[in-house]
Each structure stands twice: as C-alpha cells, then as structure tokens.
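Participant: Enclosed is the structure file work_4.cif (mmCIF, C-alpha atoms).
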```cif
data_target
loop_
_atom_site.label_atom_id
_atom_site.label_comp_id
_atom_site.auth_asym_id
_atom_site.auth_seq_id
_atom_site.Cartn_x
_atom_site.Cartn_y
_atom_site.Cartn_z
CA GLY A 1 3.02 2.98 -43.05
CA ALA A 2 1.75 4.98 -40.08
CA CYS A 3 -1.98 5.10 -39.36
CA THR A 4 -3.39 8.54 -40.23
CA ARG A 5 -7.09 8.08 -39.37
CA LEU A 6 -9.17 5.79 -37.20
CA LYS A 7 -12.79 4.98 -37.96
CA GLY A 8 -15.22 2.62 -36.29
CA GLN A 9 -16.78 2.61 -32.86
CA ASN A 10 -16.67 -0.22 -30.33
CA ALA A 11 -19.91 -2.10 -31.01
CA GLY A 12 -20.40 -3.29 -27.45
CA ALA A 13 -19.77 0.08 -25.83
CA SER A 14 -22.68 1.64 -23.96
CA SER A 15 -21.58 5.30 -23.97
CA ALA A 16 -18.85 5.40 -26.58
CA LEU A 17 -19.54 8.82 -28.15
CA VAL A 18 -18.93 12.27 -26.62
CA TRP A 19 -19.19 15.79 -28.00
CA HIS A 20 -18.13 19.14 -26.57
CA PRO A 21 -20.41 21.84 -28.06
CA ALA A 22 -18.19 24.81 -27.13
CA THR A 23 -15.10 23.49 -28.92
CA GLY A 24 -16.66 21.12 -31.47
CA LEU A 25 -14.47 18.31 -30.13
CA PHE A 26 -15.88 14.86 -30.90
CA GLY A 27 -14.63 11.66 -29.27
CA PHE A 28 -15.32 7.97 -29.65
CA ALA A 29 -14.01 4.62 -28.44
CA SER A 30 -12.12 2.48 -30.94
CA GLY A 31 -10.57 -0.71 -29.58
CA LYS A 32 -8.31 0.18 -26.66
CA CYS A 33 -8.11 3.80 -27.82
CA VAL A 34 -10.11 7.00 -27.60
CA VAL A 35 -10.14 9.06 -30.79
CA LEU A 36 -10.59 12.84 -30.47
CA GLU A 37 -11.57 14.59 -33.67
CA ASP A 38 -11.99 18.28 -34.50
CA LEU A 39 -15.13 18.22 -36.64
CA ALA A 40 -14.15 21.45 -38.42
CA THR A 41 -10.68 20.33 -39.55
CA GLN A 42 -11.16 16.53 -39.21
CA ASP A 43 -7.79 16.39 -37.41
CA GLN A 44 -7.54 13.43 -35.02
CA ASP A 45 -5.65 12.77 -31.81
CA VAL A 46 -5.51 9.19 -30.56
CA LEU A 47 -5.29 8.48 -26.83
CA CYS A 48 -4.21 4.92 -26.16
CA ALA A 49 -5.42 3.62 -22.82
CA VAL A 50 -3.12 1.40 -20.84
CA ASN A 51 -6.11 -0.86 -20.26
CA GLN A 52 -5.61 -4.50 -21.16
CA ARG A 53 -9.23 -4.62 -22.36
CA ALA A 54 -11.22 -2.61 -24.90
CA VAL A 55 -12.83 0.71 -23.97
CA SER A 56 -16.44 0.32 -22.80
CA CYS A 57 -17.47 3.96 -22.30
CA VAL A 58 -16.12 7.50 -22.67
CA ALA A 59 -16.83 10.75 -20.79
CA LEU A 60 -15.71 14.35 -21.43
CA SER A 61 -15.71 17.03 -18.73
CA GLY A 62 -17.84 20.13 -19.19
CA ASP A 63 -14.79 22.42 -19.34
CA GLY A 64 -13.18 20.19 -21.98
CA ARG A 65 -10.17 19.58 -19.76
CA PHE A 66 -10.54 15.90 -18.92
CA ILE A 67 -11.51 12.78 -20.84
CA ALA A 68 -12.07 9.39 -19.23
CA ALA A 69 -12.30 5.90 -20.71
CA GLY A 70 -13.71 2.86 -18.88
CA SER A 71 -12.61 -0.73 -19.42
CA CYS A 72 -14.95 -3.49 -20.60
CA GLY A 73 -13.46 -6.11 -18.25
CA LEU A 74 -11.10 -6.96 -15.42
CA ALA A 75 -7.32 -6.88 -15.64
CA SER A 76 -4.50 -7.30 -13.14
CA ARG A 77 -2.97 -3.95 -12.22
CA GLU A 78 -0.68 -2.52 -9.55
CA ASP A 79 -2.54 -0.22 -7.21
CA PRO A 80 -0.45 3.00 -7.10
CA ALA A 81 -1.68 3.72 -3.57
CA THR A 82 -0.56 0.41 -2.03
CA GLY A 83 1.78 -1.20 -4.57
CA ALA A 84 -0.30 -4.40 -4.42
CA PHE A 85 -1.65 -6.07 -7.56
CA ILE A 86 -5.43 -6.16 -7.80
CA SER A 87 -7.95 -7.29 -10.39
CA ALA A 88 -10.11 -4.35 -11.47
CA ALA A 89 -11.81 -2.72 -14.43
CA GLU A 90 -9.72 0.37 -15.01
CA ILE A 91 -10.67 3.93 -15.81
CA SER A 92 -8.04 5.81 -17.83
CA LEU A 93 -8.00 9.57 -17.26
CA TRP A 94 -6.30 12.20 -19.43
CA GLU A 95 -5.96 15.96 -19.06
CA VAL A 96 -6.36 17.28 -22.61
CA GLY A 97 -7.00 21.01 -22.08
CA ASP A 98 -3.45 22.11 -22.96
CA ALA A 99 -2.74 21.54 -26.66
CA ASP A 100 1.00 22.10 -26.13
CA VAL A 101 1.38 19.33 -23.54
CA GLU A 102 1.25 15.62 -24.34
CA PRO A 103 -1.68 14.14 -22.37
CA LYS A 104 -0.57 11.80 -19.59
CA CYS A 105 -2.73 8.85 -18.62
CA ARG A 106 -3.66 8.19 -14.99
CA GLN A 107 -5.40 5.07 -13.74
CA LEU A 108 -8.42 4.86 -11.43
CA LEU A 109 -8.93 1.41 -9.93
CA GLY A 110 -12.16 0.71 -8.07
CA HIS A 111 -14.58 -1.52 -9.97
CA LEU A 112 -13.48 -4.94 -8.74
CA GLY A 113 -16.40 -7.05 -9.97
CA GLY A 114 -16.77 -6.26 -13.67
CA ALA A 115 -16.75 -3.70 -16.47
CA VAL A 116 -17.35 0.04 -16.25
CA GLN A 117 -20.81 0.68 -17.71
CA ALA A 118 -21.08 4.49 -17.82
CA MET A 119 -19.42 7.65 -16.47
CA CYS A 120 -20.10 11.36 -16.03
CA PHE A 121 -18.08 14.34 -14.77
CA SER A 122 -19.37 16.69 -12.08
CA PRO A 123 -20.58 20.15 -13.19
CA ASP A 124 -17.36 21.75 -11.86
CA SER A 125 -15.19 19.08 -13.57
CA GLN A 126 -13.53 18.26 -10.23
CA ARG A 127 -14.99 14.76 -9.81
CA LEU A 128 -16.07 11.76 -11.85
CA VAL A 129 -18.85 9.26 -11.19
CA SER A 130 -18.79 5.77 -12.69
CA VAL A 131 -21.19 2.82 -12.54
CA GLY A 132 -20.27 -0.82 -13.00
CA ASN A 133 -22.11 -3.45 -15.01
CA ALA A 134 -24.23 -6.25 -13.54
CA ASP A 135 -21.11 -8.18 -12.47
CA ASP A 136 -19.90 -5.20 -10.43
CA GLY A 137 -23.07 -3.33 -9.39
CA MET A 138 -21.34 -0.37 -7.77
CA LEU A 139 -21.48 3.42 -8.05
CA SER A 140 -18.07 5.05 -7.52
CA VAL A 141 -17.17 8.73 -7.09
CA TRP A 142 -13.61 9.90 -7.81
CA ASP A 143 -11.59 12.96 -6.80
CA LEU A 144 -9.72 13.97 -9.97
CA LYS A 145 -7.13 16.21 -8.32
CA HIS A 146 -5.74 13.32 -6.29
CA ALA A 147 -7.00 10.47 -8.54
CA THR A 148 -8.56 8.82 -5.49
CA LEU A 149 -11.83 7.02 -4.78
CA GLN A 150 -14.14 9.13 -2.58
CA CYS A 151 -16.91 6.57 -2.12
CA SER A 152 -18.35 3.37 -3.52
CA GLN A 153 -21.98 2.38 -2.96
CA ARG A 154 -24.25 -0.43 -4.13
CA LEU A 155 -26.61 0.33 -7.02
CA GLU A 156 -30.32 -0.52 -6.81
CA HIS A 157 -30.73 -4.13 -8.02
CA GLY A 158 -26.95 -4.12 -8.53
CA LEU A 159 -27.28 -2.70 -12.03
CA GLY A 160 -26.75 0.73 -13.59
CA HIS A 161 -27.27 1.48 -17.26
CA ALA A 162 -26.60 5.22 -17.37
CA VAL A 163 -25.52 8.08 -15.10
CA VAL A 164 -25.70 11.89 -15.15
CA TRP A 165 -24.40 14.42 -12.62
CA ALA A 166 -27.54 16.57 -12.62
CA HIS A 167 -26.58 19.07 -9.89
CA PRO A 168 -23.41 19.76 -7.85
CA SER A 169 -24.76 17.55 -5.05
CA THR A 170 -27.05 15.19 -7.02
CA ILE A 171 -26.26 12.20 -9.23
CA VAL A 172 -28.92 10.30 -11.18
CA THR A 173 -28.61 6.66 -12.29
CA SER A 174 -30.97 4.43 -14.23
CA GLY A 175 -31.21 0.67 -14.10
CA ALA A 176 -33.40 -2.43 -14.06
CA PHE A 177 -37.10 -2.76 -13.19
CA GLY A 178 -37.85 0.88 -14.04
CA ALA A 179 -35.51 2.12 -11.30
CA VAL A 180 -34.18 5.68 -11.45
CA THR A 181 -32.12 6.60 -8.40
CA LEU A 182 -31.36 10.10 -7.10
CA TRP A 183 -28.10 10.16 -5.15
CA THR A 184 -27.83 13.22 -2.89
CA GLU A 185 -24.49 14.02 -1.31
CA GLN A 186 -24.65 14.19 2.48
CA GLN A 187 -22.96 17.22 4.01
CA GLN A 188 -20.52 16.43 6.80
CA PRO A 189 -20.86 18.46 10.03
CA HIS A 190 -18.49 21.43 10.18
CA GLY A 191 -15.10 20.35 11.45
CA HIS A 192 -15.86 16.66 11.06
CA GLY A 193 -14.00 14.68 8.45
CA GLY A 194 -15.03 11.33 7.09
CA PRO A 195 -15.80 9.65 3.80
CA THR A 196 -18.14 11.12 1.23
CA LYS A 197 -21.61 9.54 1.32
CA PHE A 198 -24.66 9.78 -0.93
CA GLN A 199 -28.25 9.17 0.17
CA ASP A 200 -30.16 7.17 -2.44
CA ASP A 201 -33.83 7.76 -3.26
CA VAL A 202 -35.22 5.17 -5.69
CA LEU A 203 -38.05 6.09 -8.08
CA THR A 204 -39.94 3.70 -10.37
CA VAL A 205 -40.46 5.16 -13.85
CA GLY A 206 -42.72 3.39 -16.35
CA HIS A 207 -43.29 -0.37 -16.14
CA ARG A 208 -41.37 -2.31 -13.50
CA GLU A 209 -40.43 -4.85 -16.16
CA SER A 210 -38.68 -2.20 -18.23
CA HIS A 211 -35.03 -1.17 -18.14
CA GLN A 212 -34.27 2.55 -18.07
CA SER A 213 -31.22 2.36 -20.31
CA ALA A 214 -30.64 6.05 -21.16
CA LEU A 215 -30.47 9.35 -19.28
CA ALA A 216 -29.98 12.90 -20.54
CA LEU A 217 -29.96 16.34 -18.96
CA CYS A 218 -32.43 18.74 -20.52
CA PRO A 219 -31.40 22.28 -21.57
CA ARG A 220 -31.21 24.90 -18.83
CA TRP A 221 -34.08 26.92 -20.33
CA LEU A 222 -36.40 23.94 -19.81
CA ALA A 223 -35.31 23.61 -16.19
CA ARG A 224 -35.97 27.33 -15.64
CA ALA A 225 -39.40 26.99 -17.27
CA HIS A 226 -40.27 24.31 -14.70
CA GLY A 227 -38.79 26.33 -11.84
CA ALA A 228 -36.25 23.56 -11.23
CA GLU A 229 -32.49 23.45 -10.87
CA ALA A 230 -32.25 20.52 -13.28
CA VAL A 231 -34.55 18.42 -15.47
CA PHE A 232 -33.56 15.08 -16.95
CA ALA A 233 -35.15 12.63 -19.35
CA CYS A 234 -34.91 8.83 -19.22
CA GLY A 235 -36.03 5.95 -21.39
#
```
Mind turning the file's structure into structure tokens?

Facilitator:
Amino acid sequence: GACTRLKGQNAGASSALVWHPATGLFGFASGKCVVLEDLATQDQDVLCAVNQRAVSCVALSGDGRFIAAGSCGLASREDPATGAFISAAEISLWEVGDADVEPKCRQLLGHLGGAVQAMCFSPDSQRLVSVGNADDGMLSVWDLKHATLQCSQRLEHGLGHAVVWAHPSTIVTSGAFGAVTLWTEQQQPHGHGGPTKFQDDVLTVGHRESHQSALALCPRWLARAHGAEAVFACG
C-alpha cells in the first residue's frame, strides 16, 4: 500500500532538522526526501529531491516560503544555464508558501568538490548561503529569484561546519582550529556592476585544536541588551 508516514532522520546529516516557530512547521531529512510535518495535526508532506544522493542538510527560510535540501555527495547533472553536464553536490529548492500549489523543485549547482555541509537563508529570504564539506571547502551565496550563484569563496582552512546569516550584510561560519569567520558583504560603488564579494575576518574562539561545530543566533532581546544588531553563540 501507499506510505502514509515517514519517520527517521538521516544519521549522517549535519543540519537535518528545521522548525518554523510562527507556523509550527517541522522538517527533517529522510533518505532523499524532506518531510514537512504540522506538529499540531501531525499531517506530513514529503518533498522528494531529484538528488541522486541522500540529503545532508535542510534549511527553512524565515518567512516560511522556501525550503532547501543539500546533497551528501557528487552527482552528474545538466547545468540549466549552459546545458553542459557537470559533477556537483546539488541543492534542491522548493517554494512551499502556497498550500494550493504543488511545490516545484529547482536545482542549484555550485559545490563541485564534495557534499553540502550546512545552509542558511538571508533575513529577507531572498538569498541562500551554503558551505561545502572538507572535500569542497567553499562558501556559496545564491540569488533565489533567479536561482543563480552570486559568489563562491574559499573557507578558512577549507572547512565549514555551520553557517548563520546573522545580519543582512553579515554571514558567520564556524570551522576547524577554533575558527569563526565573519563574512561582510562589500558594497559596490554606485553605478558599478560586478560580482558580489564578501570580506572575511577570521576570529579564533576557544582552543585552536577545537572544532567549532555549531552556531546559533541568540534572541533579539539579548542582542538589544548588548547594544548589538546580532549576537550568536558557537561551540
């Protein structure tokens, strides 16, 4: 018979659980799928990625409109921009805000070295940042409206464990040897085009032998108490 419920999270996934407080929507990675569950009714919707590999991480936009799923390894795919076949770890992107419309999956291809380790949407839900694993070592920023890659830059020590978009112009990543990196978007001169770029500022938190494997944004009231625009915790 037909499957009515899915249980069980991908054991090797780094960021496989997401929750949207405003709607109570809960999501998790299960095999090559992302399961969205309404915690009040326990109703489930299953989004099947077109990835050839299992889902490694999941991200949900702040407005609840988009959900993204990263792939745990490389697969051969046709690049929609060029028509050429490339080997890349895919990111599957769905727009799930309209309950009356069947979500359509779009593909983002940019991590050419290895799996997608972690992802986070921008505060305005217009962009997505993703970091690759040790085999890839890149930070990538995506424009969701056009499903295009805005920039790709090398991570400190070529490794990122976690990522948060802490401020409209600031991304934070954590990695090996106690490294926490602040990525600040560089404003282009008025009237001058060009690719998006981020200036990286590397901080060492704790022991250099440690890995900062988790990041989290603190509540806004805590940021206001410190007179800051954003406060984050790492460990």

Participant: May I ask for the distance between CA of Ala88 (chain A) and CA of Asp143 (chain A), given in Å to one decimal place?

Facilitator: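 Computing the Euclidean distance for CA of Ala88 (chain A) and CA of Asp143 (chain A) yields 18.0 Å.
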
Participant: Please indicate the distance in Å from CA of Thr184 (chain A) to CA of His226 (chain A), rounded to one decimal place.

Facilitator: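 Distance reported for this atom pair: 20.4 Å.
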
Participant: What's around Gly160 (chain A) at 7 Å? Count all atoms listed in the file, leave out sequence neighbours fewer than 4 positions away in its own chain, and write the answer as a PDB file with C-alpha atoms, in the frame of the given file.

Facilitator:
```pdb
ATOM      1  CA  VAL A 131     -21.190   2.820 -12.540  1.00  0.00           C
ATOM      2  CA  GLY A 132     -20.270  -0.820 -13.000  1.00  0.00           C
ATOM      3  CA  ASN A 133     -22.110  -3.450 -15.010  1.00  0.00           C
ATOM      4  CA  GLY A 137     -23.070  -3.330  -9.390  1.00  0.00           C
ATOM      5  CA  LEU A 155     -26.610   0.330  -7.020  1.00  0.00           C
ATOM      6  CA  THR A 173     -28.610   6.660 -12.290  1.00  0.00           C
ATOM      7  CA  SER A 174     -30.970   4.430 -14.230  1.00  0.00           C
ATOM      8  CA  GLY A 175     -31.210   0.670 -14.100  1.00  0.00           C
TER       9      GLY A 175
END
```

Participant: Run through the PyMOL selection byres ((chain A and resi 181-183) around 8) on the given coordinates and return the selected residues as an NGL selection string.

Facilitator: :A and (156 or 170-174 or 179-180 or 184-185 or 198-203)

Participant: Could you take the residues named above and write them with C-alpha atoms, as an mmCIF file, keeping the file's coordinate frame?

Facilitator:
```cif
data_model
loop_
_atom_site.group_PDB
_atom_site.id
_atom_site.type_symbol
_atom_site.label_atom_id
_atom_site.label_comp_id
_atom_site.auth_asym_id
_atom_site.auth_seq_id
_atom_site.Cartn_x
_atom_site.Cartn_y
_atom_site.Cartn_z
ATOM 1 C CA GLU A 156 -30.320 -0.520 -6.810
ATOM 2 C CA THR A 170 -27.050 15.190 -7.020
ATOM 3 C CA ILE A 171 -26.260 12.200 -9.230
ATOM 4 C CA VAL A 172 -28.920 10.300 -11.180
ATOM 5 C CA THR A 173 -28.610 6.660 -12.290
ATOM 6 C CA SER A 174 -30.970 4.430 -14.230
ATOM 7 C CA ALA A 179 -35.510 2.120 -11.300
ATOM 8 C CA VAL A 180 -34.180 5.680 -11.450
ATOM 9 C CA THR A 184 -27.830 13.220 -2.890
ATOM 10 C CA GLU A 185 -24.490 14.020 -1.310
ATOM 11 C CA PHE A 198 -24.660 9.780 -0.930
ATOM 12 C CA GLN A 199 -28.250 9.170 0.170
ATOM 13 C CA ASP A 200 -30.160 7.170 -2.440
ATOM 14 C CA ASP A 201 -33.830 7.760 -3.260
ATOM 15 C CA VAL A 202 -35.220 5.170 -5.690
ATOM 16 C CA LEU A 203 -38.050 6.090 -8.080
#
```

Participant: Taking only residues of region 37-130 of chain A that have an atom at most 12 Å from an atom of region 138-142 of chain A, what is each one's shortest atom pair and its distance in Å to one decimal, using only C-alpha atoms, in chain and number order, as a tab-separated table?

Facilitator:
```
residue	atom	partner	partner_atom	distance
A:Ala68	CA	A:Trp142	CA	11.5
A:Ala89	CA	A:Met138	CA	11.9
A:Ile91	CA	A:Trp142	CA	10.4
A:Leu93	CA	A:Trp142	CA	11.0
A:Gln107	CA	A:Trp142	CA	11.2
A:Leu108	CA	A:Trp142	CA	8.1
A:Leu109	CA	A:Trp142	CA	9.9
A:Gly110	CA	A:Ser140	CA	7.4
A:His111	CA	A:Met138	CA	7.2
A:Leu112	CA	A:Met138	CA	9.1
A:Gly113	CA	A:Met138	CA	8.6
A:Gly114	CA	A:Met138	CA	9.5
A:Ala115	CA	A:Met138	CA	10.4
A:Val116	CA	A:Met138	CA	9.4
A:Gln117	CA	A:Met138	CA	10.0
A:Ala118	CA	A:Leu139	CA	9.8
A:Met119	CA	A:Ser140	CA	9.4
A:Cys120	CA	A:Val141	CA	9.8
A:Phe121	CA	A:Trp142	CA	9.4
A:Ser122	CA	A:Val141	CA	9.6
A:Ser125	CA	A:Trp142	CA	11.0
A:Gln126	CA	A:Trp142	CA	8.7
A:Arg127	CA	A:Trp142	CA	5.4
A:Leu128	CA	A:Trp142	CA	5.1
A:Val129	CA	A:Val141	CA	4.5
A:Ser130	CA	A:Ser140	CA	5.3
```

Participant: Report, in Å with one decimal, the straight-line distance from CA of Ser71 (chain A) to CA of Asp124 (chain A).

Facilitator: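 About the pair CA of Ser71 (chain A) and CA of Asp124 (chain A): they are 24.2 Å apart.
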
Participant: For each of A:Leu217, A:Leu39, A:Val55, A:Leu144, take the minimum atom-to-atom distance to Cys234 (chain A), counting only C-alpha atoms, then give the residue where this is smallest.

Facilitator: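 The answer is A:Leu217, which sits nearest to Cys234 (chain A).
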
Participant: So which one's closest to Leu159 (chain A), A:Arg220, A:His211, A:Lys145, A:Lys104? Using all atoms listed in the file, please.

Facilitator: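 Result for the nearest residue to Leu159 (chain A): A:His211.
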
Participant: Mind telling me what the PyMOL selection byres ((chain A and resi 23-25) around 12) catches here, as a list of chain:residue names?

Facilitator: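 Expected selection for the PyMOL selection byres ((chain A and resi 23-25) around 12) here is A:Leu17, A:Val18, A:Trp19, A:His20, A:Pro21, A:Ala22, A:Phe26, A:Gly27, A:Phe28, A:Val35, A:Leu36, A:Glu37, A:Asp38, A:Leu39, A:Ala40, A:Thr41, A:Gln42, A:Asp43, A:Gln44, A:Asp45, A:Leu60, A:Ser61, A:Gly62, A:Asp63, A:Gly64, A:Arg65, A:Ile67, A:Val96, A:Gly97.
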
Participant: Check which residues satisfy the PyMOL selection byres ((chain A and resi 219) around 9) in the file shown, then give them as a PDB file with C-alpha atoms, in the frame of the given file.

Facilitator:
```pdb
ATOM      1  CA  LEU A 217     -29.960  16.340 -18.960  1.00  0.00           C
ATOM      2  CA  CYS A 218     -32.430  18.740 -20.520  1.00  0.00           C
ATOM      3  CA  ARG A 220     -31.210  24.900 -18.830  1.00  0.00           C
ATOM      4  CA  TRP A 221     -34.080  26.920 -20.330  1.00  0.00           C
ATOM      5  CA  LEU A 222     -36.400  23.940 -19.810  1.00  0.00           C
ATOM      6  CA  ALA A 223     -35.310  23.610 -16.190  1.00  0.00           C
ATOM      7  CA  ALA A 230     -32.250  20.520 -13.280  1.00  0.00           C
ATOM      8  CA  VAL A 231     -34.550  18.420 -15.470  1.00  0.00           C
ATOM      9  CA  PHE A 232     -33.560  15.080 -16.950  1.00  0.00           C
TER      10      PHE A 232
END
```

Participant: Between A:Ala176, A:Val34, A:Ser213, A:Ala59, which has the minimum distance to Ala233 (chain A) (counting all atoms listed in the file)?

Facilitator: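 The answer is A:Ser213, which sits nearest to Ala233 (chain A).
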
Participant: Using only C-alpha atoms for the distances, tell me which of A:Lys197, A:Ala54, A:Arg106, A:Ser87 is nearest to Cys151 (chain A).

Facilitator: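 Closest to Cys151 (chain A) of all the choices is A:Lys197.
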
Participant: Could you name the residues that touch Ala69 (chain A) at 6 Å or less, counting only C-alpha atoms, but leaving out those on the same chain fewer than 4 positions away, as a ChimeraX atom specification?

Facilitator: /A:57-58,91-92

Participant: Mind working out the centre and edge lengths of an axis-aligned box for region 27-43 of chain A, all listed atoms inside, 6 Å added to each side, rounded to one decimal in Å and written as lines of an AutoDock Vina configuration file?

Facilitator:
```
center_x = -11.6
center_y = 10.4
center_z = -33.1
size_x = 19.5
size_y = 34.2
size_z = 24.9
```
